[in-house]
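J.: entry-v5.cif (mmCIF, C-alpha atoms and all ligand atoms) pasted underneath:
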```cif
data_model
loop_
_atom_site.group_PDB
_atom_site.id
_atom_site.type_symbol
_atom_site.label_atom_id
_atom_site.label_comp_id
_atom_site.auth_asym_id
_atom_site.auth_seq_id
_atom_site.Cartn_x
_atom_site.Cartn_y
_atom_site.Cartn_z
ATOM 1 C CA MET B 97 0.504 23.025 -11.982
ATOM 2 C CA ALA B 98 -1.735 20.203 -10.850
ATOM 3 C CA ARG B 99 -1.796 17.166 -13.073
ATOM 4 C CA ARG B 100 -4.368 15.196 -11.206
ATOM 5 C CA ARG B 101 -6.193 12.408 -12.875
ATOM 6 C CA SER B 102 -8.763 10.189 -11.336
ATOM 7 C CA ALA B 103 -9.263 7.512 -13.985
ATOM 8 C CA VAL B 104 -8.975 3.971 -12.665
ATOM 9 C CA ARG B 105 -6.524 1.649 -14.295
ATOM 10 C CA ILE B 106 -7.109 -1.859 -13.123
ATOM 11 C CA GLY B 107 -5.035 -4.668 -14.522
ATOM 12 C CA VAL B 108 -2.692 -2.513 -16.549
ATOM 13 C CA THR B 109 0.288 -4.527 -17.745
ATOM 14 C CA GLY B 110 1.942 -1.972 -19.970
ATOM 15 C CA LEU B 111 5.280 -0.256 -19.730
ATOM 16 C CA GLY B 112 4.191 3.358 -20.031
ATOM 17 C CA LYS B 113 6.380 6.323 -19.298
ATOM 18 C CA ARG B 114 7.174 7.929 -15.990
ATOM 19 C CA GLU B 115 5.822 11.332 -15.038
ATOM 20 C CA GLU B 116 7.673 14.039 -13.160
ATOM 21 C CA LEU B 117 5.638 15.547 -10.296
ATOM 22 C CA ALA B 118 8.310 18.013 -9.176
ATOM 23 C CA PRO B 119 11.894 18.478 -10.357
ATOM 24 C CA GLY B 120 13.613 15.124 -9.881
ATOM 25 C CA VAL B 121 10.534 13.396 -8.408
ATOM 26 C CA PHE B 122 9.060 10.738 -10.684
ATOM 27 C CA ILE B 123 6.312 8.127 -10.580
ATOM 28 C CA ASN B 124 4.989 5.488 -12.937
ATOM 29 C CA THR B 125 1.320 4.540 -12.888
ATOM 30 C CA PHE B 126 1.513 1.874 -15.597
ATOM 31 C CA TYR B 127 2.640 -1.052 -13.476
ATOM 32 C CA ARG B 128 0.584 -3.703 -11.685
ATOM 33 C CA GLY B 129 0.663 -3.900 -7.921
ATOM 34 C CA CYS B 130 1.907 -0.432 -7.040
ATOM 35 C CA THR B 131 2.712 3.048 -8.258
ATOM 36 C CA PRO B 132 6.460 3.233 -7.711
ATOM 37 C CA GLY B 133 8.392 6.488 -7.474
ATOM 38 C CA PHE B 134 11.932 7.740 -7.312
ATOM 39 C CA ILE B 135 13.555 10.883 -6.016
ATOM 40 C CA TYR B 136 16.814 12.306 -7.277
ATOM 41 C CA THR B 137 19.243 13.621 -4.666
ATOM 42 C CA GLU B 138 22.754 15.023 -5.028
ATOM 43 C CA GLU B 139 24.197 11.769 -3.772
ATOM 44 C CA GLY B 140 21.990 9.251 -5.461
ATOM 45 C CA ILE B 141 18.476 7.992 -6.110
ATOM 46 C CA VAL B 142 15.899 7.139 -3.446
ATOM 47 C CA LEU B 143 13.182 4.764 -4.657
ATOM 48 C CA VAL B 144 9.699 4.287 -3.252
ATOM 49 C CA ASP B 145 8.221 0.779 -3.643
ATOM 50 C CA SER B 146 9.144 -1.768 -6.306
ATOM 51 C CA PRO B 147 6.964 -3.349 -9.001
ATOM 52 C CA LEU B 148 6.045 -6.994 -8.447
ATOM 53 C CA ILE B 149 6.159 -8.201 -12.052
ATOM 54 C CA PRO B 150 9.811 -8.734 -13.044
ATOM 55 C CA THR B 151 9.563 -7.256 -16.559
ATOM 56 C CA GLN B 152 7.964 -4.160 -15.062
ATOM 57 C CA ALA B 153 10.570 -3.894 -12.285
ATOM 58 C CA MET B 154 13.335 -4.142 -14.896
ATOM 59 C CA ASP B 155 11.575 -1.587 -17.079
ATOM 60 C CA TRP B 156 11.370 0.754 -14.097
ATOM 61 C CA ARG B 157 15.048 0.321 -13.356
ATOM 62 C CA ALA B 158 15.855 1.061 -17.006
ATOM 63 C CA GLN B 159 13.678 4.194 -16.916
ATOM 64 C CA ILE B 160 15.485 5.482 -13.817
ATOM 65 C CA GLU B 161 18.877 4.775 -15.376
ATOM 66 C CA GLU B 162 17.769 6.487 -18.561
ATOM 67 C CA GLU B 163 16.802 9.602 -16.600
ATOM 68 C CA TYR B 164 19.927 9.609 -14.424
ATOM 69 C CA PRO B 165 22.691 7.511 -15.983
ATOM 70 C CA ASP B 166 25.483 6.510 -13.595
ATOM 71 C CA VAL B 167 23.743 7.820 -10.473
ATOM 72 C CA PRO B 168 23.775 5.181 -7.709
ATOM 73 C CA PHE B 169 20.648 3.886 -5.986
ATOM 74 C CA LEU B 170 20.891 4.894 -2.329
ATOM 75 C CA TYR B 171 17.746 3.489 -0.759
ATOM 76 C CA LEU B 172 14.504 1.786 -1.660
ATOM 77 C CA ILE B 173 11.664 2.560 0.742
ATOM 78 C CA ASN B 174 8.804 0.044 0.994
ATOM 79 C CA THR B 175 5.595 1.737 2.156
ATOM 80 C CA ASP B 176 4.410 -1.669 3.369
ATOM 81 C CA HIS B 177 5.463 -5.319 3.117
ATOM 82 C CA HIS B 178 2.821 -6.397 0.611
ATOM 83 C CA ARG B 179 3.807 -8.221 -2.548
ATOM 84 C CA GLY B 180 2.841 -5.363 -4.853
ATOM 85 C CA HIS B 181 5.155 -2.951 -3.052
ATOM 86 C CA ALA B 182 8.102 -5.049 -1.974
ATOM 87 C CA LEU B 183 8.529 -8.205 -4.065
ATOM 88 C CA GLY B 184 10.378 -6.305 -6.791
ATOM 89 C CA ASN B 185 13.136 -5.239 -4.362
ATOM 90 C CA GLN B 186 15.483 -7.859 -5.805
ATOM 91 C CA TYR B 187 15.629 -6.016 -9.142
ATOM 92 C CA PHE B 188 17.198 -2.898 -7.603
ATOM 93 C CA LEU B 189 20.072 -4.479 -5.699
ATOM 94 C CA PRO B 190 22.583 -3.558 -4.359
ATOM 95 C CA VAL B 191 20.222 -0.835 -3.083
ATOM 96 C CA LYS B 192 19.553 -0.801 0.646
ATOM 97 C CA VAL B 193 15.904 -1.317 1.516
ATOM 98 C CA ILE B 194 14.287 0.760 4.275
ATOM 99 C CA ALA B 195 10.900 0.019 5.839
ATOM 100 C CA HIS B 196 9.099 -0.105 9.147
ATOM 101 C CA GLU B 197 10.428 -2.791 11.480
ATOM 102 C CA ARG B 198 7.133 -4.653 11.228
ATOM 103 C CA ALA B 199 7.670 -4.957 7.457
ATOM 104 C CA HIS B 200 10.958 -6.677 8.248
ATOM 105 C CA LYS B 201 9.183 -9.133 10.506
ATOM 106 C CA GLU B 202 6.511 -9.890 7.898
ATOM 107 C CA MET B 203 8.917 -10.235 4.976
ATOM 108 C CA SER B 204 11.340 -12.389 6.937
ATOM 109 C CA GLY B 205 8.442 -14.786 7.393
ATOM 110 C CA TYR B 206 7.678 -15.176 3.668
ATOM 111 C CA THR B 207 8.029 -18.872 2.868
ATOM 112 C CA GLU B 208 8.279 -20.965 -0.298
ATOM 113 C CA ASN B 209 4.578 -21.505 0.161
ATOM 114 C CA PHE B 210 3.996 -17.765 0.016
ATOM 115 C CA LYS B 211 5.998 -17.519 -3.217
ATOM 116 C CA GLU B 212 3.913 -20.328 -4.662
ATOM 117 C CA ARG B 213 0.734 -18.460 -3.761
ATOM 118 C CA VAL B 214 2.069 -15.354 -5.464
ATOM 119 C CA ARG B 215 2.743 -17.398 -8.618
ATOM 120 C CA ASN B 216 -0.679 -19.016 -8.416
ATOM 121 C CA SER B 217 -2.360 -15.644 -8.257
ATOM 122 C CA PHE B 218 -1.218 -15.250 -11.881
ATOM 123 C CA LYS B 219 -2.382 -18.654 -13.060
ATOM 124 C CA ARG B 220 -4.547 -17.048 -15.708
ATOM 125 C CA GLU B 221 -1.539 -15.123 -17.005
ATOM 126 C CA PRO B 222 1.097 -17.809 -17.568
ATOM 127 C CA GLU B 223 3.574 -15.371 -19.129
ATOM 128 C CA ILE B 224 3.685 -13.508 -15.816
ATOM 129 C CA GLN B 225 3.551 -16.659 -13.712
ATOM 130 C CA THR B 226 6.738 -18.041 -15.277
ATOM 131 C CA GLN B 227 8.539 -14.746 -14.702
ATOM 132 C CA LEU B 228 7.993 -15.325 -10.997
ATOM 133 C CA ASN B 229 9.947 -18.589 -10.813
ATOM 134 C CA ASN B 230 12.920 -16.938 -9.126
ATOM 135 C CA ILE B 231 11.449 -14.782 -6.397
ATOM 136 C CA VAL B 232 14.115 -13.621 -3.950
ATOM 137 C CA ILE B 233 12.712 -11.901 -0.881
ATOM 138 C CA VAL B 234 14.759 -8.843 0.085
ATOM 139 C CA PRO B 235 13.536 -7.704 3.515
ATOM 140 C CA PRO B 236 14.559 -4.236 4.708
ATOM 141 C CA HIS B 237 18.235 -3.755 5.614
ATOM 142 C CA ILE B 238 17.332 -0.702 7.677
ATOM 143 C CA THR B 239 14.206 -0.346 9.800
ATOM 144 C CA PHE B 240 12.531 2.427 11.746
ATOM 145 C CA THR B 241 9.558 2.565 14.090
ATOM 146 C CA GLN B 242 8.168 6.105 13.993
ATOM 147 C CA ARG B 243 10.085 8.482 11.779
ATOM 148 C CA ALA B 244 13.275 8.706 9.765
ATOM 149 C CA ASN B 245 14.600 11.518 7.588
ATOM 150 C CA LEU B 246 16.859 11.255 4.567
ATOM 151 C CA LEU B 247 18.640 14.555 4.113
ATOM 152 C CA TYR B 248 20.749 15.022 1.013
ATOM 153 C CA GLY B 249 21.667 18.532 0.002
ATOM 154 C CA GLU B 250 18.474 20.406 -0.759
ATOM 155 C CA ARG B 251 16.358 17.275 -0.629
ATOM 156 C CA ARG B 252 14.403 16.428 2.481
ATOM 157 C CA ILE B 253 12.663 13.047 2.530
ATOM 158 C CA GLU B 254 10.594 12.184 5.592
ATOM 159 C CA LEU B 255 9.519 8.629 6.368
ATOM 160 C CA ILE B 256 6.543 8.664 8.686
ATOM 161 C CA TYR B 257 4.925 5.592 10.212
ATOM 162 C CA VAL B 258 1.127 5.847 10.112
ATOM 163 C CA GLY B 259 -0.137 2.251 10.335
ATOM 164 C CA GLY B 260 -3.808 1.872 9.459
ATOM 165 C CA HIS B 261 -3.611 -0.206 6.297
ATOM 166 C CA THR B 262 -1.078 -2.578 7.881
ATOM 167 C CA PRO B 263 0.966 -2.449 11.094
ATOM 168 C CA ALA B 264 3.922 -1.457 8.854
ATOM 169 C CA THR B 265 2.382 1.214 6.630
ATOM 170 C CA SER B 266 4.487 4.322 6.286
ATOM 171 C CA ILE B 267 4.296 7.380 4.076
ATOM 172 C CA VAL B 268 7.083 9.274 2.346
ATOM 173 C CA TRP B 269 6.711 13.033 2.574
ATOM 174 C CA LEU B 270 8.649 15.610 0.596
ATOM 175 C CA PRO B 271 7.653 18.865 2.324
ATOM 176 C CA ASP B 272 9.525 21.141 -0.070
ATOM 177 C CA GLU B 273 7.921 19.621 -3.169
ATOM 178 C CA SER B 274 4.563 19.022 -1.444
ATOM 179 C CA VAL B 275 4.531 15.447 -2.728
ATOM 180 C CA CYS B 276 3.438 12.634 -0.435
ATOM 181 C CA PHE B 277 3.738 8.947 -1.279
ATOM 182 C CA VAL B 278 0.858 7.689 0.830
ATOM 183 C CA GLY B 279 1.173 3.938 0.271
ATOM 184 C CA ASP B 280 -2.112 2.098 0.609
ATOM 185 C CA ILE B 281 -3.678 4.686 2.916
ATOM 186 C CA VAL B 282 -5.504 6.240 -0.049
ATOM 187 C CA TRP B 283 -7.311 4.337 -2.783
ATOM 188 C CA VAL B 284 -9.086 6.137 -5.604
ATOM 189 C CA ASP B 285 -12.171 4.449 -7.088
ATOM 190 C CA GLN B 286 -11.044 1.113 -5.693
ATOM 191 C CA HIS B 287 -11.896 -0.916 -2.625
ATOM 192 C CA PRO B 288 -9.142 -0.510 -0.038
ATOM 193 C CA TYR B 289 -7.546 -3.717 1.153
ATOM 194 C CA MET B 290 -8.543 -3.916 4.817
ATOM 195 C CA ALA B 291 -7.605 -7.412 5.973
ATOM 196 C CA GLN B 292 -4.551 -6.276 7.954
ATOM 197 C CA GLY B 293 -6.019 -2.931 8.842
ATOM 198 C CA ASN B 294 -6.721 -0.938 11.932
ATOM 199 C CA THR B 295 -9.545 1.480 11.196
ATOM 200 C CA LEU B 296 -8.854 4.012 13.947
ATOM 201 C CA GLU B 297 -5.212 4.319 12.905
ATOM 202 C CA TRP B 298 -6.312 4.529 9.292
ATOM 203 C CA LEU B 299 -8.699 7.410 10.012
ATOM 204 C CA ARG B 300 -5.915 9.182 11.914
ATOM 205 C CA ALA B 301 -3.563 8.697 8.955
ATOM 206 C CA LEU B 302 -6.126 10.263 6.607
ATOM 207 C CA ALA B 303 -6.536 13.200 8.987
ATOM 208 C CA PHE B 304 -2.765 13.613 9.055
ATOM 209 C CA LEU B 305 -2.656 13.818 5.243
ATOM 210 C CA ARG B 306 -5.230 16.617 5.352
ATOM 211 C CA GLU B 307 -3.180 18.371 8.011
ATOM 212 C CA ILE B 308 0.039 18.477 5.984
ATOM 213 C CA GLU B 309 -1.927 19.737 2.950
ATOM 214 C CA ALA B 310 0.135 17.910 0.361
ATOM 215 C CA GLU B 311 -0.412 19.134 -3.184
ATOM 216 C CA TYR B 312 0.163 15.699 -4.685
ATOM 217 C CA LEU B 313 -0.772 12.442 -3.040
ATOM 218 C CA VAL B 314 0.715 9.394 -4.721
ATOM 219 C CA PRO B 315 -1.489 6.447 -3.733
ATOM 220 C CA GLY B 316 0.012 2.979 -3.558
ATOM 221 C CA HIS B 317 -2.122 1.994 -6.541
ATOM 222 C CA GLY B 318 -3.242 4.198 -9.402
ATOM 223 C CA PRO B 319 -2.755 7.806 -10.431
ATOM 224 C CA VAL B 320 -1.945 10.906 -8.422
ATOM 225 C CA CYS B 321 -4.746 12.566 -6.495
ATOM 226 C CA GLY B 322 -5.273 15.404 -4.082
ATOM 227 C CA VAL B 323 -6.272 15.541 -0.450
ATOM 228 C CA ASP B 324 -9.945 15.446 -1.516
ATOM 229 C CA ALA B 325 -9.489 11.711 -2.210
ATOM 230 C CA THR B 326 -8.961 11.086 1.507
ATOM 231 C CA TYR B 327 -12.602 11.816 2.311
ATOM 232 C CA ARG B 328 -14.128 8.969 0.319
ATOM 233 C CA VAL B 329 -11.738 6.440 1.858
ATOM 234 C CA GLY B 330 -12.557 7.856 5.286
ATOM 235 C CA GLU B 331 -16.302 7.491 4.680
ATOM 236 C CA TYR B 332 -15.792 3.912 3.502
ATOM 237 C CA ILE B 333 -13.890 3.061 6.676
ATOM 238 C CA GLU B 334 -16.510 4.764 8.851
ATOM 239 C CA PHE B 335 -19.168 2.759 7.037
ATOM 240 C CA MET B 336 -17.255 -0.440 7.801
ATOM 241 C CA ARG B 337 -17.105 0.513 11.440
ATOM 242 C CA GLY B 338 -20.880 0.174 11.229
ATOM 243 C CA VAL B 339 -20.275 -3.483 12.122
ATOM 244 C CA ARG B 340 -20.673 -2.127 15.646
ATOM 245 C CA ASP B 341 -24.463 -1.999 15.141
ATOM 246 C CA TYR B 342 -24.444 -5.660 14.158
ATOM 247 C CA TYR B 343 -22.189 -6.560 17.066
ATOM 248 C CA ARG B 344 -24.425 -4.752 19.529
ATOM 249 C CA ALA B 345 -27.486 -6.416 18.030
ATOM 250 C CA GLY B 346 -25.844 -9.741 18.896
ATOM 251 C CA LYS B 347 -24.994 -10.740 15.328
ATOM 252 C CA ASN B 348 -21.986 -12.977 14.814
ATOM 253 C CA LYS B 349 -19.197 -12.357 12.322
ATOM 254 C CA ASN B 350 -20.819 -14.257 9.455
ATOM 255 C CA GLU B 351 -24.194 -12.586 9.923
ATOM 256 C CA THR B 352 -22.430 -9.220 9.974
ATOM 257 C CA LYS B 353 -20.523 -9.999 6.799
ATOM 258 C CA SER B 354 -23.594 -11.080 4.872
ATOM 259 C CA GLY B 355 -25.419 -8.016 6.183
ATOM 260 C CA LEU B 356 -22.843 -5.570 4.874
ATOM 261 C CA VAL B 357 -20.978 -7.041 1.918
ATOM 262 C CA GLY B 358 -23.633 -6.310 -0.724
ATOM 263 C CA GLU B 359 -23.872 -2.663 0.186
ATOM 264 C CA MET B 360 -20.107 -2.323 0.418
ATOM 265 C CA LEU B 361 -19.619 -3.646 -3.111
ATOM 266 C CA GLU B 362 -21.537 -0.595 -4.336
ATOM 267 C CA TRP B 363 -19.014 1.870 -2.968
ATOM 268 C CA PHE B 364 -16.492 1.591 -5.754
ATOM 269 C CA PRO B 365 -16.625 0.284 -9.331
ATOM 270 C CA VAL B 366 -15.986 -3.454 -9.531
ATOM 271 C CA PRO B 367 -15.246 -4.996 -12.942
ATOM 272 C CA PRO B 368 -17.319 -8.187 -13.360
ATOM 273 C CA GLU B 369 -14.235 -10.412 -13.693
ATOM 274 C CA ARG B 370 -12.908 -9.174 -10.337
ATOM 275 C CA LYS B 371 -16.193 -9.315 -8.442
ATOM 276 C CA ALA B 372 -15.543 -12.627 -6.653
ATOM 277 C CA LYS B 373 -12.059 -11.559 -5.634
ATOM 278 C CA ILE B 374 -13.161 -8.134 -4.376
ATOM 279 C CA GLU B 375 -16.071 -9.667 -2.509
ATOM 280 C CA SER B 376 -13.747 -12.034 -0.694
ATOM 281 C CA GLN B 377 -11.395 -9.143 0.095
ATOM 282 C CA ILE B 378 -14.285 -7.146 1.529
ATOM 283 C CA LYS B 379 -15.229 -10.125 3.681
ATOM 284 C CA SER B 380 -11.654 -10.444 4.976
ATOM 285 C CA GLY B 381 -11.776 -6.741 5.751
ATOM 286 C CA LEU B 382 -15.072 -7.150 7.595
ATOM 287 C CA ASN B 383 -13.565 -10.013 9.635
ATOM 288 C CA ARG B 384 -10.764 -7.753 10.659
ATOM 289 C CA VAL B 385 -12.982 -4.783 11.498
ATOM 290 C CA PHE B 386 -15.373 -7.039 13.396
ATOM 291 C CA ARG B 387 -12.499 -8.121 15.638
ATOM 292 C CA GLU B 388 -11.391 -4.527 16.089
ATOM 293 C CA ILE B 389 -14.879 -3.392 17.100
ATOM 294 C CA GLN B 390 -15.307 -6.436 19.319
ATOM 295 C CA ARG B 391 -12.087 -5.497 21.076
ATOM 296 C CA GLU B 392 -13.223 -1.881 21.480
ATOM 297 C CA GLU B 393 -16.545 -3.006 22.915
ATOM 298 C CA GLU B 394 -14.935 -5.520 25.252
ATOM 299 C CA GLU B 395 -12.405 -2.986 26.449
ATOM 300 C CA ALA B 396 -15.162 -0.475 27.064
ATOM 301 C CA SER B 397 -16.905 -3.039 29.231
ATOM 302 C CA GLY B 398 -13.707 -3.834 31.141
ATOM 303 C CA LYS B 399 -12.794 -7.151 29.537
ATOM 304 C CA VAL B 400 -9.205 -7.864 28.576
ATOM 305 C CA THR B 401 -8.739 -9.165 25.045
ATOM 306 C CA ALA B 402 -5.960 -10.174 22.683
ATOM 307 C CA GLY B 403 -4.360 -7.628 20.371
ATOM 308 C CA LEU B 404 -5.315 -7.371 16.716
ATOM 309 C CA ASP B 405 -1.849 -8.114 15.464
ATOM 310 C CA ASP B 406 -2.050 -11.687 16.608
ATOM 311 C CA ASP B 407 -4.276 -12.804 13.791
ATOM 312 C CA ASN B 408 -3.245 -11.312 10.505
ATOM 313 C CA GLU B 409 -4.998 -12.284 7.331
ATOM 314 C CA GLU B 410 -2.917 -13.316 4.368
ATOM 315 C CA ASP B 411 -0.823 -10.632 2.804
ATOM 316 C CA PHE B 412 -2.078 -9.299 -0.482
ATOM 317 C CA ASP B 413 -2.048 -5.704 -1.639
HETATM 318 ZN ZN ZN B 501 -0.603 -2.760 0.954
#
```
Go ahead and express the file in the form of structure tokens.
Ligand SMILES: [Zn+2]
T.:
Amino acid sequence: MARRRSAVRIGVTGLGKREELAPGVFINTFYRGCTPGFIYTEEGIVLVDSPLIPTQAMDWRAQIEEEYPDVPFLYLINTDHHRGHALGNQYFLPVKVIAHERAHKEMSGYTENFKERVRNSFKREPEIQTQLNNIVIVPPHITFTQRANLLYGERRIELIYVGGHTPATSIVWLPDESVCFVGDIVWVDQHPYMAQGNTLEWLRALAFLREIEAEYLVPGHGPVCGVDATYRVGEYIEFMRGVRDYYRAGKNKNETKSGLVGEMLEWFPVPPERKAKIESQIKSGLNRVFREIQREEEEASGKVTAGLDDDNEEDFD
């Protein structure tokens, strides 16, 4: 029954075929930026996340229409507001997008400058860069804050806010099929993107995934895994929370970052051409965790401090 694979596919640009995890529940792991899925219901299709690269988004749409010709798209759920999950929304219109209300806030704030940065991130791949000349941001039409259920005939689709990776991160749980789209809460053999994270929430989200005992976890990036994959991510996050030792030893943020970044790079495979990028992502993550720990320590000592949400890093994954 299980079709778990753990191979890493970084930088895949192909248009490989979808796989069916349970009757009418499909994913595609061949696209850059996210592993999108779709769920057939009696009344239409519910999509989870949208590929960022236009040719891949259009390929995905064609694959869904090939599987279920003439079935309308009901909803597209974004597990977070990051470019890899939500910038392809425009290719599935007139679908209605659903996401956490914080995703709406973030996406409504995407400027021309943001679009330019997205294009620039592909400057070494001009054929992709030019595809991104007409980015249209489609923020969620429908938002929720904690939970929402989509109930169509036999199909039960639960949207559950977990936070952790971002203040908008939500998972999509199909209890009857035991499939859970976990967004960027789980990363397999890759460094998680932490720069908008909250580590305590993240650890709680991982614990929740173990509690529901999903057979298939569909991570935001890469192939399907099982609950076992949650442990490595949890250890990584616990390791990052080790910034507390530096904080207590009186080290500042930069000293903490240089103390930890080398060791952190060792946690997951890093292809040489991505090393600089991953290293800077780890540092952004350490900045974020440093502030979180600082806040915890200050609160413990009775000081009042600003919330974490006030200083988000740039959106990426
Ligand atoms: Zn993300």
J.: When you draw a straight line from CA of Val144 in chain B to CA of Val268 in chain B, how long is it in Å?
T.: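 CA of Val268 in chain B lies at a distance of 7.9 Å from CA of Val144 in chain B.
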J.: Compile a residue-level contact table for chain B against ligand ZN 501 (chain B) at a cut-off of 8 Å, reporting for every qualifying residue the shortest atom pair and its distance in Å to one decimal, with all atoms listed in the file counted, rows ordered by chain and ascending number, as a Markdown table.
T.:
```
| residue | atom | partner | partner_atom | distance |
| --- | --- | --- | --- | --- |
| B:Thr175 | CA | B:ZN501 | ZN | 7.8 |
| B:Asp176 | CA | B:ZN501 | ZN | 5.7 |
| B:His177 | CA | B:ZN501 | ZN | 6.9 |
| B:His178 | CA | B:ZN501 | ZN | 5.0 |
| B:Arg179 | CA | B:ZN501 | ZN | 7.8 |
| B:Gly180 | CA | B:ZN501 | ZN | 7.2 |
| B:His181 | CA | B:ZN501 | ZN | 7.0 |
| B:His261 | CA | B:ZN501 | ZN | 6.6 |
| B:Thr262 | CA | B:ZN501 | ZN | 6.9 |
| B:Thr265 | CA | B:ZN501 | ZN | 7.5 |
| B:Gly279 | CA | B:ZN501 | ZN | 7.0 |
| B:Asp280 | CA | B:ZN501 | ZN | 5.1 |
| B:Tyr289 | CA | B:ZN501 | ZN | 7.0 |
| B:Gly316 | CA | B:ZN501 | ZN | 7.3 |
| B:Phe412 | CA | B:ZN501 | ZN | 6.9 |
| B:Asp413 | CA | B:ZN501 | ZN | 4.2 |
```
J.: Mind giving me the straight-line distance from CA of Tyr171 in chain B to CA of Ser274 in chain B in Å, one decimal?
T.: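 For CA of Tyr171 in chain B relative to CA of Ser274 in chain B, the distance reads 20.4 Å.
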J.: Calculated over all atoms listed in the file, which of the candidates B:Ala345, B:Ala182, B:Leu170, B:Ile256 has the smallest distance to Leu305 in chain B?
T.: B:Ile256
J.: Just checking: using all atoms listed in the file, which residue out of B:Phe240, B:Phe304, B:Trp269, B:Phe210 ends up closest to Ile253 in chain B?
T.: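 Counting all atoms listed in the file, the residue closest to Ile253 in chain B is B:Trp269.
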J.: Quick one: pull the distance between CA of Glu223 in chain B and CA of Gln152 in chain B, Å, one decimal.
T.: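 Atom-to-atom, CA of Glu223 in chain B to CA of Gln152 in chain B, that is 12.7 Å.
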J.: The PyMOL selection byres (((chain B and resi 254) around 9) and not hetatm) - which residues does that actually catch in the file I just gave you? List them as an MDAnalysis selection string.
T.: chainID B and resid 243:247 252:253 255:256 267:271
J.: Please dump the current selection as a short mmCIF file (atom, residue, chain, number, x, y, z; two decimals), keeping the file's coordinate frame; keep C-alpha atoms.
T.:
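Below you can see selection_27.cif, which holds the result:
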```cif
data_model
loop_
_atom_site.label_atom_id
_atom_site.label_comp_id
_atom_site.auth_asym_id
_atom_site.auth_seq_id
_atom_site.Cartn_x
_atom_site.Cartn_y
_atom_site.Cartn_z
CA ARG B 243 10.09 8.48 11.78
CA ALA B 244 13.28 8.71 9.76
CA ASN B 245 14.60 11.52 7.59
CA LEU B 246 16.86 11.26 4.57
CA LEU B 247 18.64 14.56 4.11
CA ARG B 252 14.40 16.43 2.48
CA ILE B 253 12.66 13.05 2.53
CA LEU B 255 9.52 8.63 6.37
CA ILE B 256 6.54 8.66 8.69
CA ILE B 267 4.30 7.38 4.08
CA VAL B 268 7.08 9.27 2.35
CA TRP B 269 6.71 13.03 2.57
CA LEU B 270 8.65 15.61 0.60
CA PRO B 271 7.65 18.86 2.32
#
```
